[in-house]
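Asker: Just one file: model.txt, with compact mmCIF, C-alpha atoms.
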# COMPACT_ATOMS: atom_id res chain seq x y z
CA MET A 503 15.63 -11.99 -21.96
CA ARG A 504 17.57 -14.25 -19.61
CA PHE A 505 19.01 -13.26 -16.22
CA VAL A 506 21.82 -15.51 -15.00
CA ASN A 507 23.97 -15.86 -11.86
CA ALA A 508 21.32 -14.12 -9.74
CA ASP A 509 20.44 -14.88 -6.15
CA ILE A 510 16.69 -15.29 -6.60
CA ILE A 511 14.12 -14.71 -3.85
CA ASP A 512 10.85 -15.77 -5.42
CA GLY A 513 8.37 -14.18 -2.97
CA THR A 514 6.82 -17.47 -1.83
CA GLY A 515 8.88 -17.73 1.35
CA ALA A 516 11.13 -20.43 -0.09
CA ALA A 517 14.88 -20.30 0.44
CA PRO A 518 16.81 -18.26 -2.13
CA ILE A 519 18.12 -19.87 -5.30
CA ARG A 520 21.82 -19.07 -5.42
CA GLY A 521 23.25 -18.38 -8.87
CA GLY A 522 19.81 -18.86 -10.41
CA VAL A 523 18.31 -18.22 -13.83
CA LEU A 524 15.12 -16.39 -14.80
CA ASP A 525 13.75 -16.17 -18.34
CA ILE A 526 11.30 -13.56 -19.60
CA THR A 527 9.26 -14.53 -22.64
CA PRO A 528 8.60 -12.14 -25.55
CA ASP A 529 5.06 -11.55 -24.25
CA GLY A 530 6.39 -10.29 -20.90
CA ARG A 531 5.86 -13.35 -18.73
CA ILE A 532 8.15 -15.54 -16.70
CA GLY A 533 9.21 -18.53 -18.76
CA PHE A 534 11.57 -20.24 -16.34
CA VAL A 535 12.90 -19.67 -12.86
CA GLY A 536 15.27 -22.02 -11.10
CA THR A 537 18.79 -23.32 -10.92
CA ALA A 538 21.29 -23.00 -13.75
CA ALA A 539 21.49 -26.78 -13.99
CA ALA A 540 17.76 -27.08 -14.65
CA ALA A 541 17.49 -24.16 -17.09
CA PRO A 542 16.45 -24.89 -20.67
CA PRO A 543 18.61 -23.70 -23.60
CA ILE A 544 18.46 -19.95 -24.03
CA ALA A 545 16.06 -18.83 -26.76
CA VAL A 546 17.65 -17.77 -30.03
CA GLY A 547 18.24 -14.03 -30.03
CA ALA A 548 17.39 -13.57 -26.34
CA GLU A 549 19.28 -10.88 -24.43
CA LEU A 550 21.56 -12.32 -21.73
CA ARG A 551 22.17 -10.33 -18.54
CA ASP A 552 24.63 -11.41 -15.87
CA LEU A 553 23.47 -10.52 -12.35
CA ARG A 554 26.40 -11.97 -10.43
CA GLY A 555 26.52 -10.46 -6.95
CA LYS A 556 22.96 -9.17 -7.19
CA THR A 557 19.58 -10.30 -5.86
CA LEU A 558 16.49 -10.68 -8.02
CA LEU A 559 13.03 -10.45 -6.44
CA PRO A 560 9.41 -9.99 -7.52
CA GLY A 561 8.25 -6.43 -8.01
CA PHE A 562 6.95 -5.14 -4.69
CA ILE A 563 3.36 -4.22 -3.88
CA ASP A 564 2.51 -1.25 -1.65
CA CYS A 565 -1.06 -1.74 -0.50
CA HIS A 566 -1.53 1.71 1.05
CA VAL A 567 -0.38 4.86 -0.73
CA HIS A 568 -1.71 8.36 -1.41
CA LEU A 569 0.03 9.36 -4.61
CA GLY A 570 -2.15 12.42 -5.15
CA PHE A 571 -0.60 14.49 -2.37
CA ASN A 572 2.42 15.10 -0.20
CA LEU A 573 1.53 16.12 3.34
CA ALA A 574 4.75 18.11 3.62
CA ASP A 575 3.42 20.53 0.97
CA GLY A 576 0.82 21.79 3.42
CA PRO A 577 -2.98 21.88 3.27
CA PHE A 578 -3.28 24.76 0.80
CA HIS A 579 -0.87 23.55 -1.85
CA VAL A 580 -3.53 22.82 -4.45
CA VAL A 581 -5.02 26.32 -4.26
CA GLN A 582 -1.65 28.08 -4.30
CA ASN A 583 -0.36 26.42 -7.46
CA ASP A 584 -1.44 25.89 -11.03
CA PRO A 585 -3.56 22.72 -11.48
CA ALA A 586 -1.21 21.48 -14.20
CA LEU A 587 1.70 21.64 -11.77
CA VAL A 588 -0.26 19.69 -9.16
CA VAL A 589 -1.06 16.94 -11.68
CA LEU A 590 2.55 16.73 -12.84
CA GLU A 591 3.73 16.53 -9.23
CA SER A 592 1.49 13.49 -8.81
CA ALA A 593 2.98 11.98 -11.96
CA ALA A 594 6.46 12.50 -10.52
CA ARG A 595 5.47 10.79 -7.27
CA ILE A 596 4.02 7.89 -9.22
CA ARG A 597 7.28 7.53 -11.15
CA ALA A 598 9.37 7.72 -7.97
CA THR A 599 7.27 4.92 -6.50
CA LEU A 600 8.05 2.73 -9.49
CA ASP A 601 11.75 3.56 -9.27
CA ALA A 602 11.69 2.51 -5.61
CA GLY A 603 10.83 -1.04 -6.70
CA VAL A 604 7.05 -0.89 -6.32
CA THR A 605 5.46 -2.31 -9.46
CA THR A 606 1.90 -2.43 -8.09
CA ALA A 607 0.25 0.00 -5.68
CA ARG A 608 -3.15 0.47 -4.09
CA ASP A 609 -4.05 4.15 -3.74
CA LEU A 610 -6.52 4.62 -0.91
CA GLY A 611 -7.63 8.16 -1.62
CA GLY A 612 -6.53 11.11 -3.71
CA LEU A 613 -5.94 9.74 -7.21
CA THR A 614 -8.58 9.74 -9.92
CA LEU A 615 -9.24 7.28 -12.70
CA GLY A 616 -7.24 9.29 -15.22
CA PHE A 617 -3.92 8.49 -13.56
CA ARG A 618 -4.54 4.75 -13.78
CA GLU A 619 -5.51 5.10 -17.42
CA ALA A 620 -2.45 7.26 -18.16
CA ILE A 621 -0.17 4.52 -16.82
CA GLU A 622 -2.02 1.81 -18.75
CA ARG A 623 -1.72 3.85 -21.97
CA GLY A 624 1.98 4.57 -21.40
CA LEU A 625 1.50 8.33 -21.02
CA ILE A 626 3.36 8.29 -17.72
CA GLY A 627 5.55 5.71 -16.02
CA GLY A 628 4.24 4.10 -12.87
CA PRO A 629 3.14 0.95 -11.09
CA ARG A 630 -0.13 -0.73 -12.00
CA LEU A 631 -2.76 0.80 -9.74
CA GLN A 632 -5.86 -0.10 -7.82
CA LEU A 633 -7.84 2.96 -6.75
CA ALA A 634 -10.25 3.72 -3.94
CA VAL A 635 -10.76 7.29 -5.32
CA ARG A 636 -12.33 8.70 -2.11
CA PRO A 637 -12.77 7.18 1.36
CA ILE A 638 -16.21 7.02 2.97
CA SER A 639 -16.42 8.66 6.37
CA HIS A 640 -19.15 10.03 8.60
CA THR A 641 -19.51 13.74 9.30
CA ALA A 642 -16.67 14.86 11.61
CA GLY A 643 -14.93 11.54 11.00
CA HIS A 644 -11.41 10.97 9.76
CA GLY A 645 -12.36 11.67 6.14
CA ASP A 646 -14.09 14.98 6.89
CA MET A 647 -11.75 17.74 5.72
CA HIS A 648 -13.76 20.63 7.19
CA LEU A 649 -11.97 22.96 9.58
CA HIS A 650 -13.64 24.26 12.72
CA GLY A 651 -14.77 27.40 10.91
CA GLY A 652 -16.56 25.40 8.26
CA HIS A 653 -14.01 25.79 5.47
CA VAL A 654 -12.68 22.74 3.66
CA VAL A 655 -9.00 21.84 3.78
CA PRO A 656 -8.03 21.57 0.09
CA THR A 657 -5.09 19.19 0.58
CA LEU A 658 -7.11 16.41 -1.00
CA PRO A 659 -9.38 17.89 -3.65
CA GLY A 660 -12.65 16.02 -4.06
CA MET A 661 -11.61 13.48 -1.47
CA MET A 662 -14.58 13.73 0.90
CA GLU A 663 -17.40 11.20 0.71
CA LEU A 664 -19.44 11.86 3.86
CA ALA A 665 -22.31 9.55 4.81
CA ASP A 666 -24.20 9.13 8.09
CA THR A 667 -26.83 6.42 7.57
CA VAL A 668 -26.98 3.00 5.93
CA ASP A 669 -28.77 4.45 2.93
CA GLU A 670 -26.21 7.23 2.61
CA VAL A 671 -23.23 4.85 2.70
CA ARG A 672 -24.85 2.73 0.00
CA LYS A 673 -25.20 5.81 -2.20
CA ALA A 674 -21.64 6.88 -1.40
CA THR A 675 -20.42 3.43 -2.42
CA ARG A 676 -22.23 3.74 -5.73
CA ARG A 677 -20.71 7.18 -6.33
CA VAL A 678 -17.12 6.02 -5.89
CA LEU A 679 -17.78 2.99 -8.07
CA ARG A 680 -19.17 5.32 -10.73
CA ASP A 681 -15.94 7.32 -10.52
CA GLY A 682 -13.77 4.29 -11.22
CA ALA A 683 -13.01 2.78 -7.81
CA ASP A 684 -11.55 -0.73 -7.80
CA LEU A 685 -12.29 -1.04 -4.08
CA VAL A 686 -13.85 1.04 -1.33
CA LYS A 687 -12.02 2.58 1.60
CA ILE A 688 -13.96 3.36 4.74
CA CYS A 689 -13.14 5.01 8.07
CA THR A 690 -14.23 3.10 11.17
CA THR A 691 -12.11 5.21 13.52
CA GLY A 692 -10.66 8.66 13.81
CA GLY A 693 -7.06 9.24 12.91
CA MET A 694 -3.74 10.94 13.49
CA GLY A 695 -3.88 13.60 10.78
CA SER A 696 -7.48 14.73 11.29
CA ARG A 697 -7.65 17.55 13.81
CA HIS A 698 -11.20 17.00 15.08
CA ASP A 699 -11.02 13.37 16.20
CA GLN A 700 -8.83 10.77 17.91
CA PRO A 701 -7.70 7.29 16.79
CA ASP A 702 -9.90 5.78 19.52
CA ASP A 703 -13.00 7.57 18.23
CA GLU A 704 -15.42 5.26 16.45
CA GLY A 705 -16.35 5.94 12.84
CA LEU A 706 -18.85 4.12 10.63
CA ARG A 707 -21.15 1.81 12.56
CA LEU A 708 -21.38 -1.94 12.10
CA ASP A 709 -24.67 -1.73 10.19
CA GLU A 710 -23.12 0.86 7.87
CA VAL A 711 -20.03 -1.27 7.22
CA ARG A 712 -22.22 -4.27 6.46
CA GLY A 713 -24.30 -2.10 4.14
CA ILE A 714 -21.20 -1.17 2.15
CA VAL A 715 -20.01 -4.77 1.97
CA ASP A 716 -23.47 -5.85 0.81
CA GLU A 717 -23.55 -3.10 -1.81
CA LEU A 718 -20.18 -4.24 -3.14
CA ASP A 719 -21.35 -7.85 -3.22
CA ARG A 720 -24.02 -6.61 -5.62
CA HIS A 721 -21.25 -5.18 -7.82
CA GLY A 722 -18.93 -8.13 -8.22
CA GLY A 723 -17.74 -8.52 -4.66
CA ARG A 724 -15.12 -5.79 -4.57
CA ALA A 725 -13.00 -5.38 -1.46
CA VAL A 726 -13.31 -2.97 1.45
CA ALA A 727 -10.23 -1.49 3.12
CA ALA A 728 -10.88 -0.01 6.56
CA HIS A 729 -8.92 2.86 8.05
CA ALA A 730 -9.06 1.51 11.61
CA GLN A 731 -6.65 2.60 14.34
CA GLY A 732 -8.44 2.26 17.69
CA ARG A 733 -9.58 -1.06 19.11
CA LYS A 734 -13.37 -0.65 18.86
CA GLY A 735 -13.28 0.53 15.25
CA ILE A 736 -10.95 -2.34 14.33
CA LEU A 737 -13.46 -4.83 15.73
CA THR A 738 -16.31 -3.10 13.89
CA ALA A 739 -14.40 -3.34 10.61
CA LEU A 740 -13.62 -7.01 11.13
CA ARG A 741 -17.17 -7.92 12.13
CA GLY A 742 -18.47 -5.97 9.16
CA GLY A 743 -16.54 -8.10 6.67
CA VAL A 744 -13.73 -5.89 5.39
CA ARG A 745 -10.87 -7.35 3.38
CA SER A 746 -8.11 -5.42 5.15
CA VAL A 747 -7.53 -3.43 8.31
CA GLU A 748 -5.36 -0.43 7.54
CA HIS A 749 -3.02 0.76 10.32
CA GLY A 750 -4.51 -1.41 13.10
CA TYR A 751 -2.46 0.38 15.74
CA GLY A 752 -4.74 -0.61 18.61
CA ILE A 753 -5.32 -4.21 17.58
CA ASP A 754 -5.45 -6.65 20.50
CA ASP A 755 -5.76 -10.41 20.84
CA GLU A 756 -9.51 -10.30 20.25
CA GLY A 757 -8.93 -8.43 17.01
CA LEU A 758 -6.16 -10.81 15.99
CA ASP A 759 -8.46 -13.78 16.64
CA LEU A 760 -11.07 -12.26 14.33
CA LEU A 761 -8.40 -11.42 11.78
CA GLY A 762 -7.34 -15.05 11.66
CA GLU A 763 -10.86 -16.48 11.64
CA ARG A 764 -11.94 -14.30 8.71
CA GLY A 765 -8.73 -14.40 6.69
CA THR A 766 -8.47 -10.62 6.84
CA PHE A 767 -5.22 -8.81 6.11
CA LEU A 768 -3.50 -6.31 8.39
CA VAL A 769 -1.66 -3.43 6.67
CA PRO A 770 0.28 -1.76 9.52
CA THR A 771 1.79 1.30 7.71
CA LEU A 772 4.67 1.47 10.17
CA SER A 773 6.44 4.07 8.06
CA THR A 774 4.12 6.71 9.51
CA VAL A 775 4.79 5.53 13.06
CA PHE A 776 8.57 5.46 12.80
CA ALA A 777 8.67 8.93 11.20
CA ILE A 778 7.84 11.63 13.75
CA ASP A 779 9.15 15.14 13.11
CA GLN A 780 7.85 17.82 15.44
CA ALA A 781 9.27 20.59 13.23
CA THR A 782 7.08 19.65 10.26
CA MET A 783 3.89 18.46 11.99
CA PRO A 784 0.95 20.41 13.41
CA PRO A 785 0.94 20.18 17.22
CA TYR A 786 -2.22 18.04 17.33
CA HIS A 787 -0.71 15.56 14.86
CA TYR A 788 2.61 15.39 16.70
CA ALA A 789 0.87 14.81 20.06
CA LYS A 790 -1.13 11.89 18.68
CA LYS A 791 1.92 10.31 17.07
CA VAL A 792 3.93 10.50 20.30
CA LYS A 793 1.04 8.98 22.27
CA TRP A 794 0.46 6.11 19.85
CA SER A 795 3.93 5.24 18.57
CA GLU A 796 5.07 2.90 21.35
CA LEU A 797 1.61 1.36 21.68
CA THR A 798 1.63 0.66 17.96
CA LYS A 799 5.01 -1.01 18.05
CA GLU A 800 3.86 -3.25 20.90
CA ASN A 801 0.58 -4.23 19.24
CA ILE A 802 1.97 -4.78 15.75
CA GLY A 803 4.88 -6.69 17.27
CA ASN A 804 2.32 -8.94 18.94
CA ALA A 805 0.49 -9.34 15.63
CA ILE A 806 3.74 -10.42 13.96
CA ALA A 807 4.50 -12.87 16.77
CA ARG A 808 1.05 -14.39 16.42
CA GLY A 809 1.43 -14.86 12.68
CA ALA A 810 -1.13 -12.31 11.49
CA ARG A 811 -1.62 -12.10 7.74
CA ILE A 812 0.31 -8.91 7.03
CA ALA A 813 0.64 -7.06 3.73
CA LEU A 814 3.05 -4.21 3.17
CA GLY A 815 1.64 -0.69 3.12
CA THR A 816 3.34 2.61 3.83
CA ASP A 817 0.77 5.43 3.80
CA ALA A 818 3.15 7.26 1.44
CA GLY A 819 1.93 10.81 1.17
CA VAL A 820 1.69 11.01 4.93
CA CYS A 821 5.29 9.72 4.97
CA PRO A 822 7.74 10.38 2.10
CA HIS A 823 7.12 9.01 -1.38
CA GLY A 824 9.75 6.95 -3.19
CA GLU A 825 11.13 5.26 -0.07
CA ASN A 826 8.40 2.63 0.21
CA LEU A 827 10.58 -0.36 0.96
CA ARG A 828 11.75 1.15 4.23
CA GLU A 829 8.59 -0.48 5.54
CA LEU A 830 10.31 -3.87 5.28
CA ASP A 831 12.95 -2.84 7.79
CA HIS A 832 10.29 -1.51 10.17
CA LEU A 833 8.55 -4.89 10.09
CA VAL A 834 11.84 -6.63 10.80
CA GLN A 835 12.52 -4.30 13.73
CA LEU A 836 9.26 -5.50 15.27
CA GLY A 837 10.17 -9.18 14.99
CA MET A 838 9.46 -10.31 11.43
CA SER A 839 12.18 -12.23 9.61
CA PRO A 840 13.60 -10.53 6.49
CA LEU A 841 12.23 -13.31 4.29
CA ALA A 842 8.75 -12.98 5.81
CA ALA A 843 8.91 -9.20 5.36
CA ILE A 844 9.66 -9.70 1.67
CA VAL A 845 6.67 -12.06 1.42
CA SER A 846 4.47 -9.36 3.01
CA GLY A 847 5.46 -7.03 0.17
CA THR A 848 5.12 -9.57 -2.64
CA ARG A 849 2.89 -12.65 -2.34
CA ASN A 850 0.74 -11.31 0.50
CA GLY A 851 0.16 -8.01 -1.24
CA ALA A 852 -0.88 -9.80 -4.42
CA GLU A 853 -3.28 -12.00 -2.46
CA LEU A 854 -4.82 -8.98 -0.76
CA LEU A 855 -5.32 -7.22 -4.09
CA GLY A 856 -6.73 -10.37 -5.69
CA ILE A 857 -4.01 -10.56 -8.34
CA ALA A 858 -1.86 -13.45 -7.10
CA ASP A 859 -2.52 -15.23 -10.39
CA GLN A 860 -0.74 -12.36 -12.18
CA VAL A 861 2.04 -10.98 -9.96
CA GLY A 862 3.60 -11.21 -6.50
CA THR A 863 5.81 -14.27 -6.96
CA LEU A 864 8.31 -15.47 -9.53
CA ARG A 865 6.53 -18.41 -11.15
CA PRO A 866 6.32 -19.48 -14.79
CA GLY A 867 3.32 -17.93 -16.53
CA LEU A 868 3.02 -14.89 -14.27
CA LEU A 869 3.75 -11.38 -15.48
CA ALA A 870 7.46 -10.60 -15.31
CA ASP A 871 7.49 -7.94 -12.60
CA VAL A 872 11.07 -8.06 -11.39
CA VAL A 873 13.31 -5.99 -9.11
CA VAL A 874 17.10 -6.32 -8.90
CA THR A 875 19.19 -4.94 -6.04
CA ASP A 876 22.91 -4.92 -5.34
CA ALA A 877 22.18 -5.84 -1.72
CA ASP A 878 21.52 -9.16 -0.02
CA PRO A 879 18.14 -8.34 1.55
CA LEU A 880 18.30 -11.26 3.96
CA ARG A 881 21.39 -9.71 5.53
CA GLU A 882 20.71 -6.05 4.79
CA ILE A 883 16.94 -5.56 4.51
CA LYS A 884 17.28 -1.82 5.18
CA ALA A 885 19.14 -1.38 1.88
CA LEU A 886 15.93 -1.99 -0.08
CA GLY A 887 14.57 1.27 1.30
CA ASP A 888 17.23 3.22 -0.60
CA PRO A 889 16.01 3.69 -4.20
CA THR A 890 19.61 3.89 -5.44
CA ARG A 891 20.09 0.28 -4.34
CA ILE A 892 17.20 -0.77 -6.59
CA GLN A 893 19.20 -1.15 -9.78
CA LEU A 894 16.72 -2.70 -12.18
CA VAL A 895 12.92 -2.61 -12.37
CA VAL A 896 10.94 -4.63 -14.90
CA THR A 897 7.15 -4.49 -15.29
CA GLY A 898 5.39 -6.95 -17.53
CA GLY A 899 8.73 -7.88 -19.11
CA ARG A 900 9.62 -4.26 -19.94
CA VAL A 901 12.69 -2.66 -18.37
CA VAL A 902 11.61 0.66 -16.83
CA LYS A 903 14.65 1.41 -14.67
CA ASP A 904 18.21 0.28 -15.30
CA LEU A 905 21.21 1.29 -13.20
CA THR A 906 23.15 -1.93 -13.80
Would you mind writing the file out in structure tokens?

Answerer:
Amino acid sequence: MRFVNADIIDGTGAAPIRGGVLDITPDGRIGFVGTAAAAPPIAVGAELRDLRGKTLLPGFIDCHVHLGFNLADGPFHVVQNDPALVVLESAARIRATLDAGVTTARDLGGLTLGFREAIERGLIGGPRLQLAVRPISHTAGHGDMHLHGGHVVPTLPGMMELADTVDEVRKATRRVLRDGADLVKICTTGGMGSRHDQPDDEGLRLDEVRGIVDELDRHGGRAVAAHAQGRKGILTALRGGVRSVEHGYGIDDEGLDLLGERGTFLVPTLSTVFAIDQATMPPYHYAKKVKWSELTKENIGNAIARGARIALGTDAGVCPHGENLRELDHLVQLGMSPLAAIVSGTRNGAELLGIADQVGTLRPGLLADVVVTDADPLREIKALGDPTRIQLVVTGGRVVKDLT
């Protein structure tokens, strides 16, 4: 397959190639990307597609999703509906994420191994997935779904992995690995959606974080993603050796210094900060969001200005599914250039997930994960957040959405 006359943004941060050409080989990889003048002869029998007036980009990577639930359904959704319906709803969310232009996603709690295998086997359509399965939290921490009366909120079935000592977090790490986790998510602070704590509350201790990192080093060196919103828990996560700080709403210059020194990624999930709806949120959740929203914008804006290593993540599930690329506009609103925002959702995401040798940029030899839009994202970045403006999605050389 050959795409011609496309404005190509390759995800590396380089200037667009106007009227460019991209070839996809029969084995689903990128064969050529560049100017029309430099393109080799088209392969015999190859399909030719004219993308004049359209922009071609790498498939996007959302590094923070929760595809197994939709917060708007309420905490008792899974016990009020047939389990088959709940599974199929997750499949629909996974498909909507793909149709939004996300060809790779990292699910940080709520999906089980079977969903990843179903995508790999072609049983359902969706992005390639990395799974955390269940986050590790201490008792009464952000991952503790118990209500004050002792009952468990069933929004996230099987999602709790509670541990309160170094030995317990090591065992918890082994359990999630046994259940198919590609990485481990931990909670070093409280959060917005948990009713019994605050974002400034500290979660897992430094010795516990280091215990998890050490345990993962014994199992191939898999990554740790830290739910970390308040300042102290952010510093704990960074000093403990995590690969990414999720949210990072209270990050300050000390945290940004550590972030840079250690090569850690920041995944700001601004989509949850920009979306505040009192009518649909419990009062405690709404109050936290109002308190933290402006502080978050200031701190993440400072992180952008200082050149922090940012990867796109939305927290979809807490915010709506299938509108993932709205996050790009939120980053731009806080000072990032449109081209840099695109890099955060392509190359940077691939580097965070450890798959930059496979996807994330448009380079010969990489898998052909491609998105085509009728917008010029450098002039109209917000358009990418509208799934109807994503006209073509290709994963591994296979067309999975086509509105052209």

Asker: Within 10 Å of Ala789 in chain A, counting all atoms listed in the file, which residues show up once you throw out same-chain ones fewer than 6 positions away? Write them as a list in words, please.

Answerer: Met694, Ile778, Gln780 and Met783 of chain A

Asker: Within 12 Å of range 588-594 of chain A, which residues of range 802-835 of chain A show up? Give each one with its shortest atom-to-atom distance in Å (one decimal) and the two atoms involved, counting all atoms listed in the file, rows by chain then rising residue number, as CSV.

Answerer:
residue,atom,partner,partner_atom,distance
A:Gly819,CA,A:Ser592,CA,10.3
A:His823,CA,A:Ala594,CA,9.8
A:Gly824,CA,A:Ala594,CA,9.8

Asker: If we count all atoms listed in the file and set the cut-off at 6 Å, which residues sit around Arg849 in chain A, ignoring sequence neighbours fewer than 2 positions away in its own chain? Please answer as JSON, numbers by chain.

Answerer: {"A": [513, 845, 851, 852, 862, 863]}

Asker: Using CA of Ile526 in chain A and CA of Ile621 in chain A as the two end points, give the distance in Å to one decimal.

Answerer: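 Interatomic distance, CA of Ile526 in chain A to CA of Ile621 in chain A: 21.6 Å.
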
Asker: Just checking: using all atoms listed in the file, which residue out of A:Cys565, A:Val834, A:Ala541, A:Leu841 ends up closest to Val747 in chain A?

Answerer: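 Under the stated criterion, the closest residue is A:Cys565.
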
Asker: Out of A:Leu633, A:Val874, A:Ala781, A:Ile892, which residue has the shortest atom-to-atom distance to Asp552 in chain A when counting all atoms listed in the file?

Answerer: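 Closest to Asp552 in chain A, using all atoms listed in the file: A:Val874.
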
Asker: What gap, in Å, lies between CA of Gly743 in chain A and CA of Asp684 in chain A?

Answerer: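 We find that CA of Gly743 in chain A and CA of Asp684 in chain A lie 17.0 Å from each other.
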
Asker: Please tell me which residues are no farther than 8 Å from (5.2, 1.5, -12.0) in the file, counting only C-alpha atoms, and write them as number ranges by chain.

Answerer: A: 596-597, 599-601, 604-606, 621, 627-630, 897

Asker: From the set A:Phe505, A:Phe767, A:Phe562, A:Trp794, which residue has the shortest atom-to-atom contact distance to Arg828 in chain A, counting only C-alpha atoms?

Answerer: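 Nearest candidate to Arg828 in chain A out of A:Phe505, A:Phe767, A:Phe562, A:Trp794: A:Phe562.
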
Asker: For the point (-11.8, 3.9, 20.8) in the file's frame, write as a PyMOL selection string all residues with an atom no more than 8 Å away, counting all atoms listed in the file.

Answerer: chain A and resi 691+701-704+732-735

Asker: Smallest atom-to-atom distance to Leu573 in chain A: which of A:Arg676, A:Lys903, A:Arg554, A:His787, using all atoms listed in the file?

Answerer: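 Closest to Leu573 in chain A of all the choices is A:His787.
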
Asker: How far is it from CA of Gly521 in chain A to CA of Ile857 in chain A, in Å with one decimal?

Answerer: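 Pair CA of Gly521 in chain A / CA of Ile857 in chain A returns 28.4 Å.
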
Asker: List the neighbours of Leu814 in chain A out to 9 Å using all atoms listed in the file; skip same-chain residues closer than 5 positions along the sequence, and give me the result as a list of chain:residue names.

Answerer: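 So the residues in contact are A:Phe562, A:Ile563, A:Asp564, A:Cys565, A:His566, A:Leu768, A:Val769, A:Pro770, A:Thr771, A:Leu827, A:Glu829, A:Leu830, A:Leu833, A:Ala843, A:Ile844, A:Val845, A:Ser846, A:Gly847, A:Thr848, A:Asn850, A:Gly851.
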
Asker: Residues at most 10 Å from Lys790 in chain A, counting all atoms listed in the file, excluding those fewer than 4 positions away in the same chain, as a JSON list (two decimals) with C-alpha atoms, in the frame of the given file?

Answerer:
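To be explicit, this is the file written out as part.json:
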[["chain", "number", "residue", "atom", "x", "y", "z"],
["A", 693, "GLY", "CA", -7.06, 9.24, 12.91],
["A", 694, "MET", "CA", -3.74, 10.94, 13.49],
["A", 695, "GLY", "CA", -3.88, 13.60, 10.78],
["A", 697, "ARG", "CA", -7.65, 17.55, 13.81],
["A", 700, "GLN", "CA", -8.83, 10.77, 17.91],
["A", 701, "PRO", "CA", -7.70, 7.29, 16.79],
["A", 785, "PRO", "CA", 0.94, 20.18, 17.22],
["A", 786, "TYR", "CA", -2.22, 18.04, 17.33],
["A", 794, "TRP", "CA", 0.46, 6.11, 19.85],
["A", 795, "SER", "CA", 3.93, 5.24, 18.57]]

Asker: Name the closest residue to Asp509 in chain A among the candidates A:Leu761, A:Met662, A:Ala634, A:Ala538; distances are taken between atoms, counting all atoms listed in the file.

Answerer: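 Checking each candidate against Asp509 in chain A, we get A:Ala538 as the closest.
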
Asker: Using all atoms listed in the file, which of the listed residues (A:Val678, A:Gly561, A:His653, A:Ala586) sits closest to Leu615 in chain A?

Answerer: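 Result for the nearest residue to Leu615 in chain A: A:Val678.
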